[in-house]
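A.B. asks: This is the content of target16.cif (mmCIF, C-alpha atoms and all ligand atoms):
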```
data_entry
#
loop_
_atom_site.label_atom_id
_atom_site.label_comp_id
_atom_site.auth_asym_id
_atom_site.auth_seq_id
_atom_site.Cartn_x
_atom_site.Cartn_y
_atom_site.Cartn_z
CA MET R 1442 70.11 108.81 98.67
CA GLN R 1443 68.91 111.58 101.03
CA ILE R 1444 71.77 113.07 103.06
CA ASP R 1445 71.36 114.70 106.47
CA PRO R 1446 74.38 117.09 106.67
CA SER R 1447 73.87 117.65 110.41
CA LYS R 1448 75.23 114.14 110.99
CA TRP R 1449 78.74 114.91 109.71
CA ASP R 1450 79.85 116.84 112.83
CA ILE R 1451 79.77 113.77 115.07
CA LEU R 1452 81.60 111.64 112.50
CA ASP R 1453 84.29 114.26 111.95
CA LYS R 1454 84.74 114.73 115.69
CA ALA R 1455 85.23 110.97 116.13
CA TRP R 1456 88.05 111.09 113.57
CA ARG R 1457 89.63 114.26 114.98
CA ASP R 1458 89.68 112.47 118.35
CA VAL R 1459 91.51 109.56 116.70
CA LEU R 1460 94.10 111.98 115.31
CA GLU R 1461 94.53 113.70 118.67
CA ALA R 1462 94.89 110.44 120.57
CA GLY R 1463 97.02 108.83 117.88
CA GLY R 1464 100.35 110.39 118.70
CA GLY R 1465 103.26 110.84 116.35
CA GLY R 1466 102.02 108.78 113.44
CA ASP R 1467 104.08 107.03 110.81
CA ASP R 1468 107.42 105.53 111.56
CA GLY R 1469 108.44 105.92 107.97
CA ARG R 1470 107.60 102.44 106.68
CA GLY R 1471 104.02 102.70 105.51
CA ASP R 1472 102.98 103.44 101.95
CA GLY R 1473 99.22 103.90 102.06
CA GLY R 1474 98.93 101.49 99.20
CA GLY R 1475 98.36 98.31 101.11
CA GLY R 1476 100.48 95.86 102.97
CA GLY R 1477 102.52 98.52 104.79
CA ASP R 1478 103.07 97.57 108.40
CA ASP R 1479 103.84 100.88 109.98
CA SER R 1480 101.82 100.54 113.11
CA GLN R 1481 104.74 100.85 115.52
CA GLY R 1482 104.98 103.97 117.61
CA GLY R 1483 101.80 105.80 116.63
CA LEU R 1484 98.78 105.92 114.40
CA PRO R 1485 99.41 103.99 111.17
CA ASN R 1486 99.15 106.04 107.96
CA ARG R 1487 97.96 109.10 109.84
CA TRP R 1488 98.08 111.14 106.63
CA GLN R 1489 95.26 109.04 105.18
CA ILE R 1490 92.93 110.31 107.93
CA GLU R 1491 94.06 113.88 107.33
CA GLN R 1492 93.47 113.41 103.60
CA MET R 1493 90.01 111.90 103.97
CA LEU R 1494 88.87 114.65 106.37
CA ALA R 1495 90.20 117.34 104.01
CA MET R 1496 88.38 115.79 101.05
CA ALA R 1497 85.18 114.99 102.92
CA PRO R 1498 83.10 118.10 102.06
CA VAL R 1499 83.48 117.54 98.31
CA GLN R 1500 83.18 113.76 98.57
CA ARG R 1501 79.92 114.18 100.47
CA VAL R 1502 78.46 116.15 97.57
CA LEU R 1503 79.18 113.05 95.51
CA LEU R 1504 77.23 110.82 97.91
CA GLN R 1505 74.04 112.64 96.94
CA MET R 1506 74.71 111.93 93.26
CA LEU R 1507 75.00 108.18 93.74
CA ALA R 1508 71.69 106.48 93.07
CA ILE R 1509 72.04 104.22 96.12
CA GLN R 1510 68.73 102.74 97.29
CA PRO R 1511 67.73 101.85 100.88
CA GLY R 1512 68.29 98.16 101.60
CA TRP R 1513 71.22 97.78 99.22
CA SER R 1514 74.33 95.90 100.09
CA ILE R 1515 77.46 97.93 99.47
CA LEU R 1516 81.13 96.98 99.29
CA ASP R 1517 83.81 99.64 99.87
CA ALA R 1518 86.86 97.91 98.37
CA GLY R 1519 90.13 99.24 99.80
CA THR R 1520 88.22 100.98 102.57
CA GLY R 1521 91.32 102.05 104.55
CA PHE R 1522 90.09 103.64 107.76
CA GLY R 1523 86.53 103.16 106.50
CA LEU R 1524 85.26 106.76 106.42
CA LEU R 1525 83.21 106.27 103.25
CA ALA R 1526 81.70 103.03 104.59
CA MET R 1527 80.75 104.89 107.78
CA GLU R 1528 79.26 107.82 105.85
CA LEU R 1529 76.98 105.40 103.99
CA ALA R 1530 75.95 103.38 107.06
CA GLY R 1531 75.25 106.60 108.97
CA GLN R 1532 72.86 107.97 106.38
CA ALA R 1533 70.66 105.12 105.17
CA PRO R 1534 69.54 101.56 105.94
CA LEU R 1535 72.31 99.86 103.97
CA ARG R 1536 74.37 96.72 104.54
CA VAL R 1537 77.86 98.16 104.25
CA THR R 1538 81.08 96.12 104.13
CA GLY R 1539 84.55 97.64 104.08
CA LEU R 1540 87.35 95.44 102.73
CA ASP R 1541 91.05 96.18 103.05
CA ILE R 1542 94.34 94.32 102.92
CA ASP R 1543 95.77 96.26 105.86
CA GLU R 1544 94.62 94.85 109.19
CA GLY R 1545 96.18 97.80 111.06
CA LEU R 1546 93.84 100.27 109.38
CA LEU R 1547 90.86 97.96 109.79
CA GLY R 1548 91.49 97.75 113.54
CA VAL R 1549 91.06 101.52 113.80
CA ALA R 1550 88.01 101.44 111.48
CA ARG R 1551 86.31 98.77 113.60
CA ARG R 1552 86.99 100.72 116.80
CA VAL R 1553 85.52 103.97 115.42
CA GLY R 1554 82.62 102.02 113.87
CA ARG R 1555 81.76 100.52 117.29
CA GLN R 1556 81.96 103.96 118.89
CA LEU R 1557 79.55 105.38 116.29
CA ALA R 1558 77.17 102.45 116.79
CA ASP R 1559 77.25 103.02 120.59
CA LEU R 1560 76.37 106.67 119.99
CA GLY R 1561 73.37 105.56 117.92
CA TRP R 1562 74.97 107.29 114.94
CA ILE R 1563 74.71 104.34 112.55
CA ASP R 1564 71.31 104.24 110.82
CA ALA R 1565 68.89 101.96 112.71
CA GLY R 1566 68.42 99.72 109.65
CA ALA R 1567 72.07 99.65 108.62
CA SER R 1568 74.95 97.26 109.28
CA LEU R 1569 78.66 98.05 109.07
CA THR R 1570 81.36 95.38 108.96
CA PHE R 1571 85.03 95.41 108.05
CA ASP R 1572 86.77 92.41 106.48
CA GLU R 1573 90.43 91.78 105.77
CA GLY R 1574 91.06 90.68 102.21
CA ASP R 1575 92.68 91.33 98.86
CA ILE R 1576 90.85 93.21 96.12
CA TYR R 1577 92.20 90.67 93.62
CA SER R 1578 90.53 87.72 95.39
CA THR R 1579 87.77 88.95 97.69
CA PRO R 1580 86.12 86.55 100.15
CA TYR R 1581 82.61 87.05 98.71
CA GLU R 1582 80.20 84.93 96.69
CA ASP R 1583 79.36 85.87 93.11
CA GLU R 1584 76.76 88.65 92.80
CA SER R 1585 76.77 89.52 96.54
CA PHE R 1586 76.55 93.31 96.22
CA ASP R 1587 74.26 95.90 94.64
CA PHE R 1588 76.94 98.59 94.61
CA VAL R 1589 80.73 98.43 94.88
CA VAL R 1590 82.86 101.52 95.35
CA SER R 1591 86.65 101.80 95.36
CA ARG R 1592 88.12 105.20 96.17
CA LEU R 1593 91.81 106.18 95.88
CA VAL R 1594 92.78 102.52 95.56
CA TYR R 1595 93.36 102.04 91.84
CA GLN R 1596 96.34 104.43 91.89
CA HIS R 1597 98.10 101.75 93.99
CA LEU R 1598 97.18 98.66 91.97
CA THR R 1599 99.64 96.83 89.74
CA ASP R 1600 96.85 95.03 87.84
CA PRO R 1601 93.73 97.23 87.70
CA HIS R 1602 92.09 94.99 85.07
CA ALA R 1603 92.26 91.92 87.34
CA ALA R 1604 90.90 93.95 90.27
CA THR R 1605 87.99 95.23 88.15
CA ASP R 1606 87.13 91.71 86.98
CA GLU R 1607 87.04 90.56 90.61
CA LEU R 1608 84.82 93.47 91.70
CA VAL R 1609 82.47 92.85 88.77
CA ARG R 1610 82.23 89.19 89.81
CA VAL R 1611 80.75 90.15 93.19
CA ILE R 1612 78.22 92.65 91.74
CA ARG R 1613 74.72 91.42 90.88
CA PRO R 1614 73.45 91.90 87.32
CA GLY R 1615 72.12 95.45 87.12
CA GLY R 1616 74.38 96.51 90.00
CA HIS R 1617 77.03 99.21 89.86
CA LEU R 1618 80.77 99.75 90.24
CA CYS R 1619 81.99 103.23 91.17
CA LEU R 1620 85.71 104.06 90.90
CA ILE R 1621 87.13 107.31 92.24
CA ASP R 1622 90.74 108.34 91.84
CA VAL R 1623 93.28 111.03 91.13
CA ASP R 1624 94.97 112.15 87.98
CA ASP R 1625 97.96 114.34 88.75
CA GLN R 1626 97.43 116.41 85.62
CA LEU R 1627 94.15 117.66 87.11
CA SER R 1628 95.98 119.47 89.95
CA LEU R 1629 97.36 122.97 90.05
CA VAL R 1630 98.79 125.32 92.63
CA TYR R 1631 99.59 129.04 92.54
CA PRO R 1632 102.22 130.17 93.26
CA GLU R 1633 104.34 127.18 92.22
CA PRO R 1634 105.46 124.99 95.14
CA THR R 1635 108.96 125.51 96.49
CA ASP R 1636 111.72 123.50 94.83
CA ALA R 1637 112.15 121.39 97.98
CA PHE R 1638 108.44 120.51 98.14
CA ALA R 1639 108.27 119.78 94.39
CA ARG R 1640 111.28 117.42 94.64
CA LEU R 1641 109.63 115.55 97.51
CA GLN R 1642 106.35 115.23 95.60
CA ASP R 1643 108.24 113.91 92.56
CA ALA R 1644 110.02 111.41 94.79
CA TYR R 1645 106.68 110.26 96.24
CA ALA R 1646 105.23 109.78 92.72
CA ALA R 1647 108.37 107.87 91.63
CA ALA R 1648 108.15 105.59 94.68
CA GLN R 1649 104.48 104.91 93.97
CA SER R 1650 105.22 104.15 90.34
CA HIS R 1651 108.08 101.78 91.33
CA ARG R 1652 105.52 99.86 93.38
CA GLY R 1653 103.42 99.50 90.22
CA GLY R 1654 101.06 102.37 91.04
CA ASP R 1655 99.82 105.08 88.70
CA ARG R 1656 99.12 108.69 89.60
CA GLN R 1657 97.50 109.31 86.21
CA VAL R 1658 94.96 106.55 86.72
CA GLY R 1659 91.94 108.89 86.69
CA ARG R 1660 91.78 109.10 82.89
CA LYS R 1661 91.88 105.29 82.61
CA LEU R 1662 89.06 104.36 84.98
CA SER R 1663 86.20 104.41 82.47
CA THR R 1664 88.22 102.18 80.14
CA TYR R 1665 88.73 99.66 82.96
CA LEU R 1666 84.94 99.54 83.43
CA GLU R 1667 84.29 99.03 79.74
CA ASP R 1668 87.01 96.39 79.43
CA ALA R 1669 85.35 94.47 82.28
CA GLY R 1670 82.03 94.41 80.39
CA LEU R 1671 80.21 97.20 82.24
CA ASP R 1672 78.14 99.93 80.63
CA VAL R 1673 79.72 103.26 81.57
CA ALA R 1674 76.83 105.20 83.12
CA LEU R 1675 78.54 108.26 84.62
CA THR R 1676 81.84 110.13 84.29
CA VAL R 1677 82.40 113.17 86.48
CA VAL R 1678 85.34 115.25 87.65
CA LEU R 1679 85.05 116.47 91.23
CA PRO R 1680 87.26 119.53 91.68
CA GLN R 1681 88.21 120.92 95.06
CA ALA R 1682 89.53 124.48 95.01
CA MET R 1683 90.96 126.18 98.05
CA HIS R 1684 92.43 129.56 98.97
CA VAL R 1685 94.87 129.36 101.84
CA PRO R 1686 95.68 132.78 103.38
CA ALA R 1687 99.31 133.61 104.16
CA THR R 1688 98.50 133.55 107.87
CA VAL R 1689 97.55 129.87 107.78
CA ARG R 1690 99.75 126.85 107.08
CA ASP R 1691 98.64 125.09 103.90
CA PRO R 1692 97.11 121.76 104.97
CA GLY R 1693 98.03 120.41 101.50
CA VAL R 1694 101.72 120.96 102.29
CA ASP R 1695 101.46 119.28 105.69
CA PHE R 1696 99.57 116.35 104.27
CA GLY R 1697 102.03 116.08 101.33
CA LEU R 1698 105.01 116.04 103.70
CA SER R 1699 103.44 113.51 106.00
CA ARG R 1700 102.67 111.28 103.01
CA VAL R 1701 106.20 111.46 101.60
CA ALA R 1702 107.65 110.82 105.08
CA SER R 1703 105.67 107.57 105.15
CA VAL R 1704 107.71 106.22 102.19
CA ARG R 1705 111.10 107.65 103.21
CA HIS R 1706 112.53 104.15 103.61
CA GLN R 1707 111.59 103.23 100.04
CA ILE R 1708 112.83 106.51 98.55
CA LEU R 1709 116.22 106.02 100.21
CA ALA R 1710 116.44 102.26 99.57
CA GLU R 1711 115.75 102.70 95.86
CA GLY R 1712 118.08 105.68 95.52
CA ILE R 1713 115.26 107.96 94.34
CA MET R 1714 116.82 110.57 96.67
CA GLY R 1715 119.88 110.46 98.90
CA GLU R 1716 119.38 110.64 102.67
CA ALA R 1717 120.98 114.08 103.06
CA GLU R 1718 119.01 115.50 100.12
CA PHE R 1719 115.73 114.02 101.43
CA ASP R 1720 116.23 115.35 104.95
CA GLU R 1721 117.29 118.78 103.69
CA CYS R 1722 114.20 119.04 101.45
CA MET R 1723 111.96 117.99 104.36
CA GLU R 1724 113.54 120.62 106.58
CA LEU R 1725 113.21 123.35 103.93
CA ALA R 1726 109.65 122.42 102.96
CA SER R 1727 108.43 122.22 106.54
CA THR R 1728 109.84 125.60 107.50
CA GLU R 1729 109.03 127.42 104.25
CA HIS R 1730 107.82 130.99 104.55
CA ALA R 1731 104.04 131.09 104.31
CA THR R 1732 102.49 132.77 101.28
CA SER R 1733 98.84 132.81 100.33
CA ARG R 1734 98.06 129.97 97.96
CA PHE R 1735 95.36 128.82 95.57
CA THR R 1736 95.10 125.10 94.90
CA VAL R 1737 92.91 122.87 92.80
CA ALA R 1738 92.87 119.11 93.19
CA ALA R 1739 90.39 116.97 91.30
CA GLN R 1740 89.25 113.39 91.31
CA VAL R 1741 87.71 111.42 88.51
CA VAL R 1742 84.52 109.51 89.33
CA VAL R 1743 83.16 106.82 87.01
CA ILE R 1744 80.23 104.48 87.47
CA GLY R 1745 79.59 101.36 85.41
CA THR R 1746 76.50 99.16 85.40
CA LYS R 1747 76.70 95.37 85.06
CA PRO R 1748 74.37 94.26 82.25
CA ALA R 1749 71.30 92.47 83.60
C1 LIG C 1801 94.76 105.83 99.89
S1 LIG C 1801 93.93 104.55 100.70
C2 LIG C 1801 92.23 104.91 100.36
C3 LIG C 1801 91.34 104.49 101.49
C4 LIG C 1801 89.84 104.79 101.31
N1 LIG C 1801 89.30 104.13 100.15
C5 LIG C 1801 89.57 106.26 101.26
O1 LIG C 1801 89.09 106.75 100.24
O2 LIG C 1801 89.84 106.96 102.26
C6 LIG C 1801 94.23 103.10 99.70
C7 LIG C 1801 93.75 101.84 100.40
O3 LIG C 1801 93.79 100.74 99.49
C8 LIG C 1801 94.16 99.60 100.22
N2 LIG C 1801 94.67 98.59 99.28
C9 LIG C 1801 95.74 98.69 98.47
N3 LIG C 1801 95.92 97.53 97.78
C10 LIG C 1801 94.93 96.69 98.16
C11 LIG C 1801 94.57 95.36 97.82
N4 LIG C 1801 95.29 94.66 96.94
N5 LIG C 1801 93.49 94.82 98.39
C12 LIG C 1801 92.75 95.53 99.30
N6 LIG C 1801 93.05 96.79 99.68
C13 LIG C 1801 94.13 97.37 99.12
C14 LIG C 1801 95.23 100.11 101.18
O4 LIG C 1801 95.47 99.26 102.26
C15 LIG C 1801 94.64 101.46 101.59
O5 LIG C 1801 93.86 101.35 102.74
#
```
Write out the structure in this file as structure tokens.
C.D. replies:
Amino acid sequence: MQIDPSKWDILDKAWRDVLEAGGGGDDGRGDGGGGGDDSQGGLPNRWQIEQMLAMAPVQRVLLQMLAIQPGWSILDAGTGFGLLAMELAGQAPLRVTGLDIDEGLLGVARRVGRQLADLGWIDAGASLTFDEGDIYSTPYEDESFDFVVSRLVYQHLTDPHAATDELVRVIRPGGHLCLIDVDDQLSLVYPEPTDAFARLQDAYAAAQSHRGGDRQVGRKLSTYLEDAGLDVALTVVLPQAMHVPATVRDPGVDFGLSRVASVRHQILAEGIMGEAEFDECMELASTEHATSRFTVAAQVVVIGTKPA
């Protein structure tokens, strides 16, 4: 797929406008993993937009590696705010569908999608639609798609095998499934994060694991493909390294704090941290003295092909 990098500015501006207009963000009840209704009082799951914009430059390198052909029909399963679906529909004549369980996120995705269409930003031969639905029982006929992608979703799933079987069902023979996700052991930061920040990150990981999620899912993705009967065609690690000067606030810290704030209710309800401890760590981590920092975060990308 040929990428025109000059198109990204308009897309990124549309999303920065959403962030600016969106107000305060989470009310502390969302989880980013599906089903969270945190749309009161601001933009739901604001941190997901911050995360996808931060990751976009590296993720867009990946787009060029995917052997997507003009005319294909693509499913982005667990599309969230739909950035990846938009990137595809903006670059090539593709029929792109984003599916998510969270209607709140889809509402924002549809609004931005319409805006991009009005600007003539969506490729003239492309279509972009967003459907509400569950990855375990999608509303599509067998063999409806040439290419299915699911990014940063499997870390939230309690039954990744069942989800993979369902995604394989909707792929045509010879079509492809691409899974992209984190593995926490592929991350590093120097110098070490402050104790307060580390405790909050541990609490976030514990909350995700209590919901049945898995932050070490990256290493398991190729096995899920093979278990579902696909031929594993590609395995790649996409690293993103960043130097943050002491004069600048580390966006990784801000995004990490915003993400952990979104599951505060769960962390307190399950006794993962006490209220006073949580609030003290948030206070300390958000006012920590800036130092320069080097970070690496990586995502595992696997592609499987359905036998013809
Ligand atoms: C961290 S977000 C990733 C969003 C998007 N794929 C991206 O890369 O920006 C995880 C998404 O998975 C969705 N999700 C979680 N469980 C789901 C399920 N069972 N069915 C459909 N979507 C689900 C959530 O609603 C959320 O939007």
A.B. asks: If the limit is 7 Å from any atom of ligand LIG 1801 (chain C), counting all atoms listed in the file, which residues qualify? Return them as a ChimeraX atom specification.
C.D. replies: /R:1473-1476,1489,1493,1518-1525,1540-1543,1546,1574-1577,1591-1594,1597-1598
A.B. asks: Keeping C-alpha atoms, export the residues of the selection given above as a compact mmCIF listing (two decimals), in the coordinates of the input.
C.D. replies:
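The resulting file, selection.txt, is reproduced below:
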```
# COMPACT_ATOMS: atom_id res chain seq x y z
CA GLY R 1473 99.22 103.90 102.06
CA GLY R 1474 98.93 101.49 99.20
CA GLY R 1475 98.36 98.31 101.11
CA GLY R 1476 100.48 95.86 102.97
CA GLN R 1489 95.26 109.04 105.18
CA MET R 1493 90.01 111.90 103.97
CA ALA R 1518 86.86 97.91 98.37
CA GLY R 1519 90.13 99.24 99.80
CA THR R 1520 88.22 100.98 102.57
CA GLY R 1521 91.32 102.05 104.55
CA PHE R 1522 90.09 103.64 107.76
CA GLY R 1523 86.53 103.16 106.50
CA LEU R 1524 85.26 106.76 106.42
CA LEU R 1525 83.21 106.27 103.25
CA LEU R 1540 87.35 95.44 102.73
CA ASP R 1541 91.05 96.18 103.05
CA ILE R 1542 94.34 94.32 102.92
CA ASP R 1543 95.77 96.26 105.86
CA LEU R 1546 93.84 100.27 109.38
CA GLY R 1574 91.06 90.68 102.21
CA ASP R 1575 92.68 91.33 98.86
CA ILE R 1576 90.85 93.21 96.12
CA TYR R 1577 92.20 90.67 93.62
CA SER R 1591 86.65 101.80 95.36
CA ARG R 1592 88.12 105.20 96.17
CA LEU R 1593 91.81 106.18 95.88
CA VAL R 1594 92.78 102.52 95.56
CA HIS R 1597 98.10 101.75 93.99
CA LEU R 1598 97.18 98.66 91.97
```
A.B. asks: Using Å and a single decimal, report how far CA of Ala1646 in chain R sits from CA of His1706 in chain R.
C.D. replies: 14.3 Å
A.B. asks: Which is closer to Cys1722 in chain R than all the others in R:Ala1702, R:Leu1529, R:Val1502, R:Val1609, using all atoms listed in the file?
C.D. replies: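 Looking only at the distances to Cys1722 in chain R, the closest residue turns out to be R:Ala1702.
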A.B. asks: Any idea what's packed within 12 Å of Gly1715 in chain R, counting only C-alpha atoms, ignoring anything in its chain fewer than 4 positions away? Could you give it as a list in words?
C.D. replies: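 The neighbour list is Arg1640, Leu1641, Ala1644, Arg1705, His1706, Gln1707, Ile1708, Leu1709, Ala1710, Glu1711, Phe1719, Asp1720, Glu1721 and Cys1722 of chain R.
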A.B. asks: Residues at most 8 Å from Gln1642 in chain R, counting all atoms listed in the file, excluding those fewer than 4 positions away in the same chain, as a VMD selection string?
C.D. replies: chain R and resid 1638 1646 1697 1701
A.B. asks: Name all residues at most 10 Å from Leu1557 in chain R (count all atoms listed in the file; drop same-chain ones fewer than 4 positions away) and give them as a tab-separated table (two decimals) with C-alpha atoms, keeping the file's coordinate frame.
C.D. replies:
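Saved file selection.tsv follows:
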```tsv
chain	number	residue	atom	x	y	z
R	1451	ILE	CA	79.77	113.77	115.07
R	1452	LEU	CA	81.60	111.64	112.50
R	1455	ALA	CA	85.23	110.97	116.13
R	1527	MET	CA	80.75	104.89	107.78
R	1531	GLY	CA	75.25	106.60	108.97
R	1551	ARG	CA	86.31	98.77	113.60
R	1552	ARG	CA	86.99	100.72	116.80
R	1553	VAL	CA	85.52	103.97	115.42
R	1561	GLY	CA	73.37	105.56	117.92
R	1562	TRP	CA	74.97	107.29	114.94
R	1563	ILE	CA	74.71	104.34	112.55
R	1564	ASP	CA	71.31	104.24	110.82
```
A.B. asks: Using only C-alpha atoms, pick whichever of R:Phe1696, R:Trp1449, R:Tyr1595, R:Trp1456 has the shortest atom-to-atom distance to Gly1654 in chain R.
C.D. replies: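 Among the listed residues, the smallest separation from Gly1654 in chain R belongs to R:Tyr1595.
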A.B. asks: The centre and edge lengths of an axis-aligned box containing all atoms of range 1562-1571 of chain R present in the file, extended by 8 Å on each side, are to be given in Å to one decimal, as JSON.
C.D. replies:
```
{"center_x": 76.7, "center_y": 101.3, "center_z": 111.5, "size_x": 32.6, "size_y": 27.9, "size_z": 22.9}
```
A.B. asks: Between R:Gly1653, R:Pro1580, R:Pro1534, R:Gly1745, which has the minimum distance to Leu1675 in chain R (counting only C-alpha atoms)?
C.D. replies: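 Of the candidates, the smallest distance to Leu1675 in chain R is held by R:Gly1745.
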A.B. asks: Can you check which parts of range 1445-1559 of chain R lie within 12 Å of range 1611-1625 of chain R? Per residue, the shortest pair of atoms and distance in Å to one decimal, counting all atoms listed in the file, sorted by chain and number, as CSV.
C.D. replies:
```
residue,atom,partner,partner_atom,distance
R:Gln1500,CA,R:Ile1621,CA,9.9
R:Leu1503,CA,R:Ile1621,CA,10.3
R:Leu1504,CA,R:Cys1619,CA,11.2
R:Met1506,CA,R:Cys1619,CA,11.5
R:Leu1507,CA,R:Cys1619,CA,8.9
R:Ala1508,CA,R:His1617,CA,9.6
R:Ile1509,CA,R:His1617,CA,9.4
R:Gln1510,CA,R:Gly1616,CA,11.1
R:Trp1513,CA,R:Gly1616,CA,9.8
R:Ser1514,CA,R:Ile1612,CA,9.8
R:Ile1515,CA,R:Ile1612,CA,9.4
R:Leu1516,CA,R:Val1611,CA,9.2
R:Asp1517,CA,R:Cys1619,CA,9.6
R:Ala1518,CA,R:Leu1620,CA,9.7
R:Gly1519,CA,R:Leu1620,CA,11.0
R:Leu1525,CA,R:Ile1621,CA,11.7
```
A.B. asks: Pick from R:Ala1669, R:Ile1713, R:Ala1647, R:Ala1567: nearest to Pro1601 in chain R, with all atoms listed in the file counted?
C.D. replies: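 Distance minimum relative to Pro1601 in chain R lands on R:Ala1669.
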A.B. asks: Just the number, please: distance in Å from CA of Gly1670 in chain R to CA of Thr1599 in chain R, one decimal.
C.D. replies: 20.1 Å
A.B. asks: Using all atoms listed in the file, find the one residue out of R:Ile1490, R:Glu1729, R:Val1499, R:Gln1596 that sits nearest to Ser1650 in chain R.
C.D. replies: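 The shortest atom-to-atom distance to Ser1650 in chain R comes from R:Gln1596.
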A.B. asks: Go through R:Ala1530, R:Leu1698, R:Ala1739, R:Val1704 one by one, measure the shortest atom-to-atom distance of each to Met1723 in chain R using all atoms listed in the file, and give the residue with the smallest value.
C.D. replies: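 Counting all atoms listed in the file, the residue closest to Met1723 in chain R is R:Leu1698.
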